[in-house]
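S.K.: Here it is, the structure, as structure tokens.
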Amino acid sequence: MSSAPQNKPKKKAPSQSKNPSKQVKKNVVRKAMKQANVMDQVMSAQAQQIVESFASPLDAEAVRLGTVYGSYKTSTAKPFTRITPAWADLQTAGSLDDTCCFVYRDPYCAAIVPQKVSQNTIYQGNFGPITVAGTPSPLYIPYLSFLSGNSIHGPLLFPGRLPDQRLNWFYVGVAQVTINNTGSTSFGVSAMTFRDDVVTQLGNFTIAASGSQSFGPFALGTYFSSNIFSQTASSAAIGTLQVTISAGVVTPAHLALNGIINNSASAEAFKVYAASVMYTNTASPLNRQGKVAGIQLPAGSWWDQYLNFDTIADLESADSRDVVNGIYGFLKPTQPRDIDFIPFDTVSTNNLSTDTWWPLRRPSDFLAVAVKVLASSNGQDGYFTIAHAFEFRTTDPWREVEMAHISPHTVEFAMMLVSRCPQWHENPLHLSDIWNWIKKTSQDVYESVKEALPDIVKGATTVAKIGGAVIPLML
């Protein structure tokens, strides 16, 4: 007797959600959260790259910070200079146990380092023809060229300017200035100096045809400028200005960015966003006794007030340590203009209208390092490595250009990280110190401040309620 076939239980069809849109919304939220995590990781990685470039411009990859609207393609560069300083406490006559270095965010005066000339040294610039029309006319010279002796300032010495002036001020500390009339008729000059934020009038002088007028030598930290206040009606003023440094003198050399002269034709605007200085002690182990101090000085400070170790080390925010392992420090931004583009003129040796100057009243903070050794040890062996990283706009087809892919808010977050990063380090350990700090700190800081950042920074983690469901604002 055959048994009746048993009915097997039927498989249930997949249940249909009573609310299909609910599952869709869940999928959208899940996708958004995944996307948010990716965006967080990208932002954190970009911020780390920026911090690395600020804290170690010589060793890290240069970055493109761009502008708020990102409308320009840009290129980057990382020039550096290694320079052995002269040893002379420029604030204490006769002392030979100190040296110093100042580092700035400027292409035309990127560093100031004491140098000693072994022979009479001359820098010279040409001016004219200049015609006076009622009021004195600036004796305009775009730069002084190295003529003979030791090229301590490099091939060109660029001038500084005061706000709202067209006068070019050339560094002439412990040097003599001579204005030569190379024309066939006389002209009059009014000469002046600038030192420690004070302009001093030297007077008016008439220089005969083929004649000259000398000034100085001047005190350390002095800059010189002049106006043409009269000239013979039949002939405009024409001549040269010479700065002569006597053999054996130690004077602070004013150095432009390494390579700026040969590469300036490629640049239309500059953003010198990072700078660093490192002192490397190369003395023998028995001759390494001494101290080194570093500090970031505020905008508007005058470098000639900080020429020796004691002056810097006594400041509350200075980092002072034993000189055995040297020192490394980087420049931290303190205001938006520190990472803004500045206009840039091509350095042209045959164009006297070139506007190649730097601000005498520094608008940004700068670095100062001073070293003091025991004079009896004769251990004055060491050098400074000065590095900069910059971004520049260019239309030169030989330069690699790209759009910046970093948002302004990522840059803002990175600036916060830079402000927290330890600034001064022993030379042999500075790279590992900085990179370990970045690796350890950046993600933790990002997680702690993410909710306080603008919505655009939080990206897909920003949500809103739409129709009762949590929906990401950025998908």
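By convention here, the chains of the structure tokens are called A, B, ... in the order presented, each chain's residues are numbered starting at 1, and ligands are numbered starting at 1 in the order presented.
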Give me, as a list in words, all polymer residues having an atom no more than 8 Å from segment 223-231 of chain A, counting only C-alpha atoms and skipping those fewer than 5 positions away in the same chain.
M.R.: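 The residues that qualify are Ile130, Thr131, Val132, Thr135, Pro136, Ser137, Pro138, Leu139, Leu167, Asn168, Trp169, Phe170, Tyr171, Val172, Gly173, Thr185, Ser186, Phe187, Gly188, Val189, Ser190, Ala191, Met192, Thr193, Phe194, Arg195, Ala236 and Ala237 of chain A.
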S.K.: Could you write those residues out with N, CA and C atoms, as a compact mmCIF listing (two decimals), in the first residue's frame?
M.R.:
```
# COMPACT_ATOMS: atom_id res chain seq x y z
N ILE A 130 68.14 110.31 -14.89
CA ILE A 130 67.07 110.76 -14.01
C ILE A 130 66.88 112.25 -14.19
N THR A 131 65.65 112.66 -14.44
CA THR A 131 65.32 114.08 -14.59
C THR A 131 64.39 114.49 -13.46
N VAL A 132 64.77 115.54 -12.76
CA VAL A 132 63.96 116.04 -11.65
C VAL A 132 62.92 117.00 -12.19
N THR A 135 59.89 117.98 -7.77
CA THR A 135 60.19 117.32 -6.50
C THR A 135 61.33 116.33 -6.69
N PRO A 136 62.08 116.03 -5.62
CA PRO A 136 63.19 115.08 -5.74
C PRO A 136 62.73 113.74 -6.31
N SER A 137 63.60 113.12 -7.08
CA SER A 137 63.30 111.83 -7.70
C SER A 137 64.18 110.76 -7.07
N PRO A 138 63.63 109.61 -6.70
CA PRO A 138 64.46 108.56 -6.09
C PRO A 138 65.62 108.16 -7.00
N LEU A 139 66.78 108.00 -6.39
CA LEU A 139 67.93 107.45 -7.12
C LEU A 139 67.65 105.94 -7.24
N LEU A 167 61.68 104.48 -2.50
CA LEU A 167 63.11 104.49 -2.24
C LEU A 167 63.61 103.06 -2.03
N ASN A 168 64.73 102.74 -2.67
CA ASN A 168 65.37 101.45 -2.45
C ASN A 168 66.51 101.64 -1.45
N TRP A 169 66.48 100.84 -0.38
CA TRP A 169 67.48 100.92 0.68
C TRP A 169 68.41 99.71 0.59
N PHE A 170 69.71 99.98 0.41
CA PHE A 170 70.70 98.92 0.31
C PHE A 170 71.46 98.78 1.62
N TYR A 171 71.77 97.50 1.96
CA TYR A 171 72.50 97.27 3.20
C TYR A 171 73.94 97.75 3.04
N VAL A 172 74.37 98.61 3.99
CA VAL A 172 75.71 99.20 3.92
C VAL A 172 76.42 99.15 5.27
N GLY A 173 75.96 98.28 6.20
CA GLY A 173 76.60 98.19 7.50
C GLY A 173 78.08 97.91 7.38
N THR A 185 77.55 116.78 -16.72
CA THR A 185 77.10 117.94 -15.95
C THR A 185 76.81 117.52 -14.51
N SER A 186 76.74 118.48 -13.60
CA SER A 186 76.57 118.18 -12.18
C SER A 186 75.12 117.83 -11.85
N PHE A 187 74.94 117.19 -10.70
CA PHE A 187 73.60 116.97 -10.15
C PHE A 187 73.69 116.97 -8.63
N GLY A 188 72.55 117.14 -7.96
CA GLY A 188 72.51 117.17 -6.51
C GLY A 188 71.83 115.94 -5.96
N VAL A 189 72.33 115.43 -4.82
CA VAL A 189 71.74 114.27 -4.17
C VAL A 189 71.44 114.60 -2.71
N SER A 190 70.36 114.04 -2.21
CA SER A 190 70.07 114.08 -0.77
C SER A 190 70.20 112.65 -0.26
N ALA A 191 71.11 112.45 0.68
CA ALA A 191 71.42 111.10 1.17
C ALA A 191 70.79 110.88 2.54
N MET A 192 70.47 109.62 2.84
CA MET A 192 69.84 109.29 4.11
C MET A 192 70.14 107.84 4.48
N THR A 193 70.03 107.54 5.77
CA THR A 193 70.22 106.17 6.24
C THR A 193 68.99 105.72 7.01
N PHE A 194 68.86 104.40 7.12
CA PHE A 194 67.76 103.80 7.88
C PHE A 194 68.35 102.74 8.79
N ARG A 195 68.07 102.84 10.08
CA ARG A 195 68.60 101.88 11.05
C ARG A 195 67.68 101.84 12.27
N ALA A 236 70.37 114.91 -17.95
CA ALA A 236 69.82 114.19 -16.81
C ALA A 236 70.93 113.55 -15.99
N ALA A 237 70.63 113.25 -14.73
CA ALA A 237 71.62 112.64 -13.84
C ALA A 237 71.86 111.19 -14.25
```
S.K.: Near Ala111 of chain A, within 12 Å and counting only C-alpha atoms, which residues show up once chain neighbours fewer than 5 positions away are dropped, as a PDB file with N, CA and C atoms, in the first residue's frame?
M.R.:
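And here is the file that came out, selection.pdb:
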```
ATOM      1  N   PHE A  80      67.915  75.223  -1.386  1.00  0.00           N
ATOM      2  CA  PHE A  80      68.575  75.278  -0.091  1.00  0.00           C
ATOM      3  C   PHE A  80      69.997  75.812  -0.267  1.00  0.00           C
ATOM      4  N   THR A  81      70.563  76.290   0.829  1.00  0.00           N
ATOM      5  CA  THR A  81      71.921  76.834   0.838  1.00  0.00           C
ATOM      6  C   THR A  81      72.653  76.312   2.057  1.00  0.00           C
ATOM      7  N   ARG A  82      73.884  75.882   1.868  1.00  0.00           N
ATOM      8  CA  ARG A  82      74.752  75.553   2.998  1.00  0.00           C
ATOM      9  C   ARG A  82      75.841  76.612   3.062  1.00  0.00           C
ATOM     10  N   ILE A  83      75.993  77.236   4.226  1.00  0.00           N
ATOM     11  CA  ILE A  83      76.920  78.349   4.339  1.00  0.00           C
ATOM     12  C   ILE A  83      77.654  78.285   5.671  1.00  0.00           C
ATOM     13  N   PRO A  85      79.411  80.231   8.518  1.00  0.00           N
ATOM     14  CA  PRO A  85      79.363  81.621   8.983  1.00  0.00           C
ATOM     15  C   PRO A  85      80.712  82.109   9.461  1.00  0.00           C
ATOM     16  N   CYS A 100      75.585  83.783  14.117  1.00  0.00           N
ATOM     17  CA  CYS A 100      74.124  83.795  14.106  1.00  0.00           C
ATOM     18  C   CYS A 100      73.612  83.616  12.681  1.00  0.00           C
ATOM     19  N   CYS A 101      72.302  83.452  12.575  1.00  0.00           N
ATOM     20  CA  CYS A 101      71.661  83.262  11.269  1.00  0.00           C
ATOM     21  C   CYS A 101      70.196  83.659  11.401  1.00  0.00           C
ATOM     22  N   PHE A 102      69.676  84.347  10.377  1.00  0.00           N
ATOM     23  CA  PHE A 102      68.270  84.754  10.337  1.00  0.00           C
ATOM     24  C   PHE A 102      67.662  84.247   9.036  1.00  0.00           C
ATOM     25  N   VAL A 103      66.457  83.690   9.104  1.00  0.00           N
ATOM     26  CA  VAL A 103      65.813  83.085   7.941  1.00  0.00           C
ATOM     27  C   VAL A 103      64.417  83.666   7.772  1.00  0.00           C
ATOM     28  N   TYR A 104      64.089  84.071   6.526  1.00  0.00           N
ATOM     29  CA  TYR A 104      62.854  84.788   6.231  1.00  0.00           C
ATOM     30  C   TYR A 104      62.055  84.099   5.130  1.00  0.00           C
ATOM     31  N   ARG A 105      60.765  84.528   5.044  1.00  0.00           N
ATOM     32  CA  ARG A 105      59.904  84.099   3.945  1.00  0.00           C
ATOM     33  C   ARG A 105      59.950  85.150   2.835  1.00  0.00           C
ATOM     34  N   ASP A 106      61.049  85.285   2.140  1.00  0.00           N
ATOM     35  CA  ASP A 106      61.128  86.277   1.080  1.00  0.00           C
ATOM     36  C   ASP A 106      62.128  85.830   0.025  1.00  0.00           C
ATOM     37  N   HIS A 153      77.300  88.614  -0.599  1.00  0.00           N
ATOM     38  CA  HIS A 153      75.848  88.741  -0.753  1.00  0.00           C
ATOM     39  C   HIS A 153      75.321  87.923  -1.935  1.00  0.00           C
ATOM     40  N   GLY A 154      76.178  87.145  -2.572  1.00  0.00           N
ATOM     41  CA  GLY A 154      75.784  86.465  -3.801  1.00  0.00           C
ATOM     42  C   GLY A 154      76.032  87.372  -4.993  1.00  0.00           C
ATOM     43  N   PRO A 252      76.982  91.162   8.096  1.00  0.00           N
ATOM     44  CA  PRO A 252      75.885  90.237   7.801  1.00  0.00           C
ATOM     45  C   PRO A 252      75.533  90.241   6.309  1.00  0.00           C
ATOM     46  N   ALA A 253      75.775  89.125   5.658  1.00  0.00           N
ATOM     47  CA  ALA A 253      75.438  88.990   4.238  1.00  0.00           C
ATOM     48  C   ALA A 253      73.935  88.836   4.071  1.00  0.00           C
ATOM     49  N   HIS A 254      73.376  89.515   3.081  1.00  0.00           N
ATOM     50  CA  HIS A 254      71.947  89.437   2.759  1.00  0.00           C
ATOM     51  C   HIS A 254      71.790  88.546   1.525  1.00  0.00           C
ATOM     52  N   LEU A 255      71.213  87.374   1.707  1.00  0.00           N
ATOM     53  CA  LEU A 255      71.193  86.342   0.668  1.00  0.00           C
ATOM     54  C   LEU A 255      69.790  86.135   0.112  1.00  0.00           C
ATOM     55  N   ALA A 256      69.682  86.152  -1.206  1.00  0.00           N
ATOM     56  CA  ALA A 256      68.421  85.819  -1.867  1.00  0.00           C
ATOM     57  C   ALA A 256      68.263  84.301  -1.919  1.00  0.00           C
ATOM     58  N   LEU A 257      67.055  83.844  -2.294  1.00  0.00           N
ATOM     59  CA  LEU A 257      66.840  82.404  -2.477  1.00  0.00           C
ATOM     60  C   LEU A 257      67.851  81.859  -3.479  1.00  0.00           C
ATOM     61  N   ASN A 258      68.423  80.733  -3.155  1.00  0.00           N
ATOM     62  CA  ASN A 258      69.393  80.105  -4.043  1.00  0.00           C
ATOM     63  C   ASN A 258      68.746  79.802  -5.399  1.00  0.00           C
ATOM     64  N   ALA A 275      60.119  77.397   5.618  1.00  0.00           N
ATOM     65  CA  ALA A 275      61.544  77.711   5.741  1.00  0.00           C
ATOM     66  C   ALA A 275      62.087  77.002   6.975  1.00  0.00           C
ATOM     67  N   SER A 276      63.353  76.638   6.924  1.00  0.00           N
ATOM     68  CA  SER A 276      63.987  75.977   8.069  1.00  0.00           C
ATOM     69  C   SER A 276      65.460  76.356   8.124  1.00  0.00           C
ATOM     70  N   VAL A 277      66.049  76.164   9.292  1.00  0.00           N
ATOM     71  CA  VAL A 277      67.483  76.390   9.468  1.00  0.00           C
ATOM     72  C   VAL A 277      68.039  75.276  10.338  1.00  0.00           C
ATOM     73  N   TRP A 303      66.543  92.495  13.012  1.00  0.00           N
ATOM     74  CA  TRP A 303      67.534  91.434  13.182  1.00  0.00           C
ATOM     75  C   TRP A 303      68.770  91.894  13.942  1.00  0.00           C
ATOM     76  N   TRP A 358      62.501  93.792  -1.132  1.00  0.00           N
ATOM     77  CA  TRP A 358      61.889  93.081  -0.015  1.00  0.00           C
ATOM     78  C   TRP A 358      61.502  94.095   1.058  1.00  0.00           C
ATOM     79  N   PHE A 366      60.110  85.512  11.667  1.00  0.00           N
ATOM     80  CA  PHE A 366      61.302  84.919  11.055  1.00  0.00           C
ATOM     81  C   PHE A 366      62.084  84.156  12.117  1.00  0.00           C
ATOM     82  N   LEU A 367      63.003  83.302  11.662  1.00  0.00           N
ATOM     83  CA  LEU A 367      63.797  82.464  12.558  1.00  0.00           C
ATOM     84  C   LEU A 367      65.140  83.124  12.866  1.00  0.00           C
ATOM     85  N   ALA A 368      65.600  82.939  14.084  1.00  0.00           N
ATOM     86  CA  ALA A 368      66.930  83.386  14.474  1.00  0.00           C
ATOM     87  C   ALA A 368      67.615  82.262  15.242  1.00  0.00           C
ATOM     88  N   VAL A 369      68.872  81.990  14.897  1.00  0.00           N
ATOM     89  CA  VAL A 369      69.680  80.997  15.599  1.00  0.00           C
ATOM     90  C   VAL A 369      71.023  81.643  15.938  1.00  0.00           C
ATOM     91  N   PHE A 384      75.546  76.333   8.521  1.00  0.00           N
ATOM     92  CA  PHE A 384      74.091  76.421   8.500  1.00  0.00           C
ATOM     93  C   PHE A 384      73.564  75.847   7.191  1.00  0.00           C
ATOM     94  N   THR A 385      72.467  75.104   7.289  1.00  0.00           N
ATOM     95  CA  THR A 385      71.715  74.681   6.104  1.00  0.00           C
ATOM     96  C   THR A 385      70.375  75.402   6.150  1.00  0.00           C
ATOM     97  N   ILE A 386      70.138  76.224   5.148  1.00  0.00           N
ATOM     98  CA  ILE A 386      68.924  77.041   5.081  1.00  0.00           C
ATOM     99  C   ILE A 386      68.066  76.526   3.928  1.00  0.00           C
ATOM    100  N   ALA A 387      66.847  76.125   4.223  1.00  0.00           N
ATOM    101  CA  ALA A 387      65.976  75.527   3.203  1.00  0.00           C
ATOM    102  C   ALA A 387      64.655  76.275   3.128  1.00  0.00           C
ATOM    103  N   HIS A 388      64.101  76.355   1.939  1.00  0.00           N
ATOM    104  CA  HIS A 388      62.788  76.952   1.710  1.00  0.00           C
ATOM    105  C   HIS A 388      61.974  76.032   0.802  1.00  0.00           C
TER     106      HIS A 388
END
```
S.K.: List as an MDAnalysis selection string the protein and nucleic acid residues near segment 261-267 of chain A, meaning an atom at most 12 Å away when only C-alpha atoms are counted, but skip any in the same chain fewer than 6 places from it.
M.R.: chainID A and resid 74:77 79 107:108 143 145 154:158 255 341:349 354 356 390:401
S.K.: Please compute the atom CA of Thr244 of chain A-atom CA of Asn120 of chain A distance, one decimal, in Å.
M.R.: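 So the answer is 6.9 Å.
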S.K.: Ranking A:Asn181, A:Pro285, A:Asn308, A:Tyr273 by minimum distance to Ser235 of chain A and counting only C-alpha atoms, which one comes first?
M.R.: A:Asn181
S.K.: For atom CA of Gly203 of chain A and atom CA of Phe215 of chain A, quote the distance in Å rounded to one decimal.
M.R.: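 Computing the Euclidean distance for atom CA of Gly203 of chain A and atom CA of Phe215 of chain A yields 10.8 Å.
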S.K.: Kindly indicate which residue among A:Trp357, A:Asn427, A:Ala370, A:Gln242 lies nearest to Cys109 of chain A, using only C-alpha atoms for the distances.
M.R.: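 Distance minimum relative to Cys109 of chain A lands on A:Trp357.
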